[in-house]
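Student: Provided herewith: final30.pdb, PDB, N, CA and C atoms.
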ATOM      1  N   MET A 257      97.988  76.767  98.374
ATOM      2  CA  MET A 257      98.932  77.565  97.615
ATOM      3  C   MET A 257      98.784  79.032  98.018
ATOM      4  N   LEU A 258      99.917  79.693  98.185
ATOM      5  CA  LEU A 258      99.892  81.092  98.568
ATOM      6  C   LEU A 258      99.528  81.973  97.379
ATOM      7  N   ALA A 259      98.730  82.991  97.649
ATOM      8  CA  ALA A 259      98.309  83.917  96.600
ATOM      9  C   ALA A 259      99.293  85.078  96.471
ATOM     10  N   PHE A 260     100.368  85.034  97.251
ATOM     11  CA  PHE A 260     101.390  86.073  97.160
ATOM     12  C   PHE A 260     102.754  85.408  97.067
ATOM     13  N   ASP A 261     103.702  86.123  96.513
ATOM     14  CA  ASP A 261     105.065  85.612  96.370
ATOM     15  C   ASP A 261     105.849  85.977  97.629
ATOM     16  N   PRO A 262     106.148  85.008  98.486
ATOM     17  CA  PRO A 262     106.826  85.314  99.747
ATOM     18  C   PRO A 262     108.194  85.971  99.556
ATOM     19  N   GLU A 263     108.914  85.584  98.518
ATOM     20  CA  GLU A 263     110.241  86.164  98.307
ATOM     21  C   GLU A 263     110.157  87.656  98.024
ATOM     22  N   THR A 264     109.103  88.067  97.345
ATOM     23  CA  THR A 264     108.939  89.478  96.991
ATOM     24  C   THR A 264     108.273  90.275  98.106
ATOM     25  N   LEU A 265     107.191  89.749  98.655
ATOM     26  CA  LEU A 265     106.391  90.530  99.598
ATOM     27  C   LEU A 265     106.783  90.398 101.062
ATOM     28  N   LEU A 266     107.310  89.266 101.465
ATOM     29  CA  LEU A 266     107.616  89.075 102.883
ATOM     30  C   LEU A 266     108.563  90.147 103.436
ATOM     31  N   PRO A 267     109.588  90.554 102.708
ATOM     32  CA  PRO A 267     110.446  91.622 103.243
ATOM     33  C   PRO A 267     109.723  92.948 103.444
ATOM     34  N   LEU A 268     108.594  93.135 102.774
ATOM     35  CA  LEU A 268     107.843  94.387 102.881
ATOM     36  C   LEU A 268     106.777  94.347 103.974
ATOM     37  N   LEU A 269     106.354  93.148 104.361
ATOM     38  CA  LEU A 269     105.293  93.008 105.355
ATOM     39  C   LEU A 269     105.838  93.183 106.761
ATOM     40  N   GLN A 270     105.007  93.759 107.629
ATOM     41  CA  GLN A 270     105.381  93.904 109.030
ATOM     42  C   GLN A 270     104.163  93.725 109.909
ATOM     43  N   CYS A 271     104.417  93.432 111.147
ATOM     44  CA  CYS A 271     103.338  93.275 112.115
ATOM     45  C   CYS A 271     102.620  94.620 112.257
ATOM     46  N   PRO A 272     101.307  94.638 112.116
ATOM     47  CA  PRO A 272     100.585  95.906 112.233
ATOM     48  C   PRO A 272     100.559  96.466 113.658
ATOM     49  N   VAL A 273     100.906  95.661 114.641
ATOM     50  CA  VAL A 273     100.902  96.103 116.033
ATOM     51  C   VAL A 273     102.277  96.614 116.449
ATOM     52  N   SER A 274     103.306  95.790 116.263
ATOM     53  CA  SER A 274     104.647  96.134 116.734
ATOM     54  C   SER A 274     105.530  96.766 115.663
ATOM     55  N   ARG A 275     105.122  96.624 114.412
ATOM     56  CA  ARG A 275     105.905  97.102 113.255
ATOM     57  C   ARG A 275     107.213  96.337 113.084
ATOM     58  N   LYS A 276     107.269  95.134 113.640
ATOM     59  CA  LYS A 276     108.438  94.256 113.496
ATOM     60  C   LYS A 276     108.227  93.352 112.283
ATOM     61  N   PRO A 277     109.313  92.784 111.741
ATOM     62  CA  PRO A 277     109.187  91.873 110.597
ATOM     63  C   PRO A 277     108.348  90.642 110.942
ATOM     64  N   LEU A 278     107.815  90.031 109.900
ATOM     65  CA  LEU A 278     107.038  88.805 110.036
ATOM     66  C   LEU A 278     107.810  87.646 109.418
ATOM     67  N   LYS A 279     107.563  86.443 109.943
ATOM     68  CA  LYS A 279     108.147  85.232 109.366
ATOM     69  C   LYS A 279     107.012  84.336 108.896
ATOM     70  N   LEU A 280     107.236  83.698 107.766
ATOM     71  CA  LEU A 280     106.268  82.780 107.185
ATOM     72  C   LEU A 280     106.463  81.396 107.790
ATOM     73  N   VAL A 281     105.391  80.809 108.292
ATOM     74  CA  VAL A 281     105.423  79.462 108.853
ATOM     75  C   VAL A 281     104.640  78.570 107.893
ATOM     76  N   GLY A 282     105.376  77.859 107.053
ATOM     77  CA  GLY A 282     104.732  77.027 106.039
ATOM     78  C   GLY A 282     103.813  77.877 105.184
ATOM     79  N   GLU A 283     102.613  77.373 104.947
ATOM     80  CA  GLU A 283     101.594  78.163 104.251
ATOM     81  C   GLU A 283     100.417  78.427 105.174
ATOM     82  N   GLU A 284     100.660  78.245 106.489
ATOM     83  CA  GLU A 284      99.566  78.342 107.444
ATOM     84  C   GLU A 284      99.427  79.696 108.126
ATOM     85  N   CYS A 285     100.550  80.381 108.378
ATOM     86  CA  CYS A 285     100.454  81.647 109.103
ATOM     87  C   CYS A 285     101.735  82.459 108.975
ATOM     88  N   LEU A 286     101.622  83.699 109.419
ATOM     89  CA  LEU A 286     102.768  84.580 109.589
ATOM     90  C   LEU A 286     102.889  84.845 111.075
ATOM     91  N   VAL A 287     104.111  84.927 111.567
ATOM     92  CA  VAL A 287     104.316  85.177 112.990
ATOM     93  C   VAL A 287     105.217  86.400 113.144
ATOM     94  N   SER A 288     104.848  87.254 114.078
ATOM     95  CA  SER A 288     105.640  88.446 114.355
ATOM     96  C   SER A 288     106.947  88.047 115.028
ATOM     97  N   THR A 289     108.015  88.756 114.709
ATOM     98  CA  THR A 289     109.304  88.475 115.332
ATOM     99  C   THR A 289     109.463  89.226 116.655
ATOM    100  N   ASP A 290     108.445  89.965 117.051
ATOM    101  CA  ASP A 290     108.501  90.726 118.297
ATOM    102  C   ASP A 290     108.228  89.821 119.495
ATOM    103  N   PRO A 291     109.216  89.636 120.376
ATOM    104  CA  PRO A 291     109.025  88.742 121.523
ATOM    105  C   PRO A 291     108.045  89.275 122.568
ATOM    106  N   GLU A 292     107.700  90.553 122.499
ATOM    107  CA  GLU A 292     106.758  91.109 123.474
ATOM    108  C   GLU A 292     105.309  90.862 123.076
ATOM    109  N   THR A 293     104.974  91.040 121.796
ATOM    110  CA  THR A 293     103.581  90.856 121.378
ATOM    111  C   THR A 293     103.270  89.410 121.020
ATOM    112  N   ARG A 294     104.225  88.685 120.413
ATOM    113  CA  ARG A 294     104.087  87.258 120.064
ATOM    114  C   ARG A 294     102.758  86.966 119.359
ATOM    115  N   LEU A 295     102.553  87.611 118.209
ATOM    116  CA  LEU A 295     101.300  87.447 117.480
ATOM    117  C   LEU A 295     101.451  86.537 116.274
ATOM    118  N   ARG A 296     100.400  85.769 116.019
ATOM    119  CA  ARG A 296     100.316  84.911 114.838
ATOM    120  C   ARG A 296      99.152  85.415 113.992
ATOM    121  N   PHE A 297      99.408  85.580 112.690
ATOM    122  CA  PHE A 297      98.399  86.055 111.759
ATOM    123  C   PHE A 297      98.053  84.933 110.791
ATOM    124  N   PRO A 298      96.766  84.687 110.578
ATOM    125  CA  PRO A 298      96.368  83.582 109.703
ATOM    126  C   PRO A 298      96.589  83.906 108.224
ATOM    127  N   ILE A 299      96.696  82.850 107.441
ATOM    128  CA  ILE A 299      96.686  82.965 105.990
ATOM    129  C   ILE A 299      95.427  82.238 105.545
ATOM    130  N   VAL A 300      94.510  82.975 104.934
ATOM    131  CA  VAL A 300      93.216  82.430 104.521
ATOM    132  C   VAL A 300      93.151  82.424 102.992
ATOM    133  N   ASP A 301      92.921  81.255 102.439
ATOM    134  CA  ASP A 301      92.874  81.102 100.975
ATOM    135  C   ASP A 301      94.116  81.684 100.314
ATOM    136  N   GLY A 302      95.268  81.514 100.956
ATOM    137  CA  GLY A 302      96.537  81.958 100.395
ATOM    138  C   GLY A 302      96.861  83.424 100.612
ATOM    139  N   ILE A 303      96.003  84.151 101.342
ATOM    140  CA  ILE A 303      96.196  85.589 101.547
ATOM    141  C   ILE A 303      96.391  85.872 103.038
ATOM    142  N   PRO A 304      97.496  86.566 103.406
ATOM    143  CA  PRO A 304      97.708  86.906 104.815
ATOM    144  C   PRO A 304      96.652  87.891 105.312
ATOM    145  N   VAL A 305      96.139  87.627 106.498
ATOM    146  CA  VAL A 305      95.163  88.514 107.135
ATOM    147  C   VAL A 305      95.902  89.256 108.250
ATOM    148  N   LEU A 306      96.340  90.466 107.948
ATOM    149  CA  LEU A 306      97.149  91.230 108.892
ATOM    150  C   LEU A 306      96.311  92.258 109.649
ATOM    151  N   LEU A 307      95.272  91.774 110.286
ATOM    152  CA  LEU A 307      94.414  92.610 111.114
ATOM    153  C   LEU A 307      94.626  92.214 112.575
ATOM    154  N   GLU A 308      94.791  93.213 113.422
ATOM    155  CA  GLU A 308      95.042  92.932 114.838
ATOM    156  C   GLU A 308      93.946  92.060 115.443
ATOM    157  N   GLU A 309      92.699  92.307 115.066
ATOM    158  CA  GLU A 309      91.596  91.540 115.649
ATOM    159  C   GLU A 309      91.564  90.095 115.163
ATOM    160  N   GLU A 310      92.272  89.772 114.106
ATOM    161  CA  GLU A 310      92.345  88.395 113.597
ATOM    162  C   GLU A 310      93.577  87.656 114.111
ATOM    163  N   ALA A 311      94.481  88.370 114.777
ATOM    164  CA  ALA A 311      95.718  87.777 115.280
ATOM    165  C   ALA A 311      95.450  86.944 116.528
ATOM    166  N   THR A 312      96.324  85.991 116.746
ATOM    167  CA  THR A 312      96.270  85.155 117.939
ATOM    168  C   THR A 312      97.514  85.436 118.769
ATOM    169  N   ALA A 313      97.316  85.781 120.035
ATOM    170  CA  ALA A 313      98.439  85.972 120.948
ATOM    171  C   ALA A 313      98.948  84.593 121.373
ATOM    172  N   LEU A 314     100.249  84.411 121.298
ATOM    173  CA  LEU A 314     100.863  83.116 121.602
ATOM    174  C   LEU A 314     101.579  83.151 122.942
ATOM    175  N   SER A 315     101.662  81.987 123.570
ATOM    176  CA  SER A 315     102.508  81.869 124.753
ATOM    177  C   SER A 315     103.959  81.957 124.280
ATOM    178  N   GLU A 316     104.851  82.171 125.190
ATOM    179  CA  GLU A 316     106.262  82.287 124.815
ATOM    180  C   GLU A 316     106.764  81.000 124.157
ATOM    181  N   ASP A 317     106.366  79.848 124.689
ATOM    182  CA  ASP A 317     106.803  78.570 124.121
ATOM    183  C   ASP A 317     106.237  78.349 122.719
ATOM    184  N   GLU A 318     104.938  78.663 122.533
ATOM    185  CA  GLU A 318     104.329  78.526 121.202
ATOM    186  C   GLU A 318     105.030  79.438 120.197
ATOM    187  N   TRP A 319     105.282  80.680 120.617
ATOM    188  CA  TRP A 319     105.927  81.663 119.744
ATOM    189  C   TRP A 319     107.327  81.189 119.337
ATOM    190  N   LYS A 320     108.107  80.737 120.319
ATOM    191  CA  LYS A 320     109.461  80.259 120.023
ATOM    192  C   LYS A 320     109.436  79.091 119.049
ATOM    193  N   ALA A 321     108.483  78.174 119.216
ATOM    194  CA  ALA A 321     108.374  77.022 118.333
ATOM    195  C   ALA A 321     108.045  77.457 116.909
ATOM    196  N   LEU A 322     107.129  78.409 116.750
ATOM    197  CA  LEU A 322     106.767  78.872 115.398
ATOM    198  C   LEU A 322     107.906  79.648 114.747
ATOM    199  N   VAL A 323     108.595  80.477 115.501
ATOM    200  CA  VAL A 323     109.737  81.215 114.947
ATOM    201  C   VAL A 323     110.822  80.231 114.504
ATOM    202  N   ALA A 324     111.055  79.192 115.297
ATOM    203  CA  ALA A 324     112.050  78.180 114.929
ATOM    204  C   ALA A 324     111.602  77.424 113.671
ATOM    205  N   LYS A 325     110.323  77.080 113.595
ATOM    206  CA  LYS A 325     109.791  76.385 112.424
ATOM    207  C   LYS A 325     109.915  77.248 111.181
ATOM    208  N   ALA A 326     109.707  78.549 111.325
ATOM    209  CA  ALA A 326     109.808  79.475 110.187
ATOM    210  C   ALA A 326     111.247  79.574 109.688
ATOM    211  N   GLY A 327     112.199  79.349 110.577
ATOM    212  CA  GLY A 327     113.607  79.439 110.204
ATOM    213  C   GLY A 327     114.138  78.199 109.518
ATOM    214  N   GLU A 328     113.341  77.144 109.454
ATOM    215  CA  GLU A 328     113.789  75.876 108.853
ATOM    216  C   GLU A 328     113.866  75.972 107.357
TER     217      GLU A 328
END
Could you render the structure from this file as structure tokens?

Tutor:
Amino acid sequence: MLAFDPETLLPLLQCPVSRKPLKLVGEECLVSTDPETRLRFPIVDGIPVLLEEEATALSEDEWKALVAKAGE
């Protein structure tokens, strides 16, 4: 279960690296919408961890798949 309300907070959250919007992928992670950085941020115990050092850089295919999944 998420410890934050996605409807309220997601529009306010942004990627700390690119400053682009983030998309929620299920309850597992947030993904940056920036096609250049393609970062995934974990959600730990329902709380997003928006630290650059905790982010995972994704391949273009992985990033596209997560962005598509977030849009479902």

Student: Determine the residue set returned by the PyMOL selection byres ((chain A and resi 257) around 6.5) for the present structure, and present it as a list in words.

Tutor: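 Checking the PyMOL selection byres ((chain A and resi 257) around 6.5) against this file, the residues are Leu258, Ala259, Phe260, Asp301 and Gly302 of chain A.
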
Student: Do a neighbour search on A:Lys279 at 7 Å with all atoms listed in the file, toss out local chain neighbours closer than 3 positions, and write the hits as a VMD selection string.

Tutor: chain A and resid 282 285 to 289 326

Student: Mind telling me what the PyMOL selection byres ((chain A and resi 308-318) around 7) catches here, as a list in words?

Tutor: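 Applying the expression gives Pro272, Val273, Thr293, Arg294, Leu295, Arg296, Phe297, Pro298, Val305, Leu306, Leu307, Trp319, Lys320, Ala321, Leu322 and Val323 of chain A.
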
Student: List every residue of chain A that DSSP, applied to the backbone of this structure, places in strand (DSSP E), and write the result as an mmCIF file with N, CA and C atoms, keeping the file's coordinate frame.

Tutor:
data_model
loop_
_atom_site.group_PDB
_atom_site.id
_atom_site.type_symbol
_atom_site.label_atom_id
_atom_site.label_comp_id
_atom_site.auth_asym_id
_atom_site.auth_seq_id
_atom_site.Cartn_x
_atom_site.Cartn_y
_atom_site.Cartn_z
ATOM 1 N N LEU A 278 107.815 90.031 109.900
ATOM 2 C CA LEU A 278 107.038 88.805 110.036
ATOM 3 C C LEU A 278 107.810 87.646 109.418
ATOM 4 N N LYS A 279 107.563 86.443 109.943
ATOM 5 C CA LYS A 279 108.147 85.232 109.366
ATOM 6 C C LYS A 279 107.012 84.336 108.896
ATOM 7 N N LEU A 280 107.236 83.698 107.766
ATOM 8 C CA LEU A 280 106.268 82.780 107.185
ATOM 9 C C LEU A 280 106.463 81.396 107.790
ATOM 10 N N VAL A 281 105.391 80.809 108.292
ATOM 11 C CA VAL A 281 105.423 79.462 108.853
ATOM 12 C C VAL A 281 104.640 78.570 107.893
ATOM 13 N N CYS A 285 100.550 80.381 108.378
ATOM 14 C CA CYS A 285 100.454 81.647 109.103
ATOM 15 C C CYS A 285 101.735 82.459 108.975
ATOM 16 N N LEU A 286 101.622 83.699 109.419
ATOM 17 C CA LEU A 286 102.768 84.580 109.589
ATOM 18 C C LEU A 286 102.889 84.845 111.075
ATOM 19 N N VAL A 287 104.111 84.927 111.567
ATOM 20 C CA VAL A 287 104.316 85.177 112.990
ATOM 21 C C VAL A 287 105.217 86.400 113.144
ATOM 22 N N SER A 288 104.848 87.254 114.078
ATOM 23 C CA SER A 288 105.640 88.446 114.355
ATOM 24 C C SER A 288 106.947 88.047 115.028
ATOM 25 N N LEU A 295 102.553 87.611 118.209
ATOM 26 C CA LEU A 295 101.300 87.447 117.480
ATOM 27 C C LEU A 295 101.451 86.537 116.274
ATOM 28 N N ARG A 296 100.400 85.769 116.019
ATOM 29 C CA ARG A 296 100.316 84.911 114.838
ATOM 30 C C ARG A 296 99.152 85.415 113.992
ATOM 31 N N PHE A 297 99.408 85.580 112.690
ATOM 32 C CA PHE A 297 98.399 86.055 111.759
ATOM 33 C C PHE A 297 98.053 84.933 110.791
ATOM 34 N N PRO A 298 96.766 84.687 110.578
ATOM 35 C CA PRO A 298 96.368 83.582 109.703
ATOM 36 C C PRO A 298 96.589 83.906 108.224
ATOM 37 N N ILE A 299 96.696 82.850 107.441
ATOM 38 C CA ILE A 299 96.686 82.965 105.990
ATOM 39 C C ILE A 299 95.427 82.238 105.545
ATOM 40 N N VAL A 300 94.510 82.975 104.934
ATOM 41 C CA VAL A 300 93.216 82.430 104.521
ATOM 42 C C VAL A 300 93.151 82.424 102.992
ATOM 43 N N ILE A 303 96.003 84.151 101.342
ATOM 44 C CA ILE A 303 96.196 85.589 101.547
ATOM 45 C C ILE A 303 96.391 85.872 103.038
ATOM 46 N N PRO A 304 97.496 86.566 103.406
ATOM 47 C CA PRO A 304 97.708 86.906 104.815
ATOM 48 C C PRO A 304 96.652 87.891 105.312
ATOM 49 N N THR A 312 96.324 85.991 116.746
ATOM 50 C CA THR A 312 96.270 85.155 117.939
ATOM 51 C C THR A 312 97.514 85.436 118.769
ATOM 52 N N ALA A 313 97.316 85.781 120.035
ATOM 53 C CA ALA A 313 98.439 85.972 120.948
ATOM 54 C C ALA A 313 98.948 84.593 121.373
#

Student: What does the distance between atom CA of A:Asp261 and atom CA of A:Ile303 come to in Å, to one decimal place?

Tutor: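 Answer for the atom CA of A:Asp261 to atom CA of A:Ile303 separation: 10.3 Å.
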
Student: List every residue of chain A that DSSP, applied to the backbone of this structure, places in alpha helix (DSSP H), and write the result as a PyMOL selection string.

Tutor: chain A and resi 262-265+316-326

Student: So what does the PyMOL selection byres (((chain A and resi 266 and name CA) around 10) and name CA) actually pick up in this one, as number ranges by chain?

Tutor: A: 260-265, 267-270, 277-280, 286

Student: Could you please determine the separation between atom C of A:Pro291 and atom C of A:Cys271 in Å, to one decimal place?

Tutor: 12.8 Å
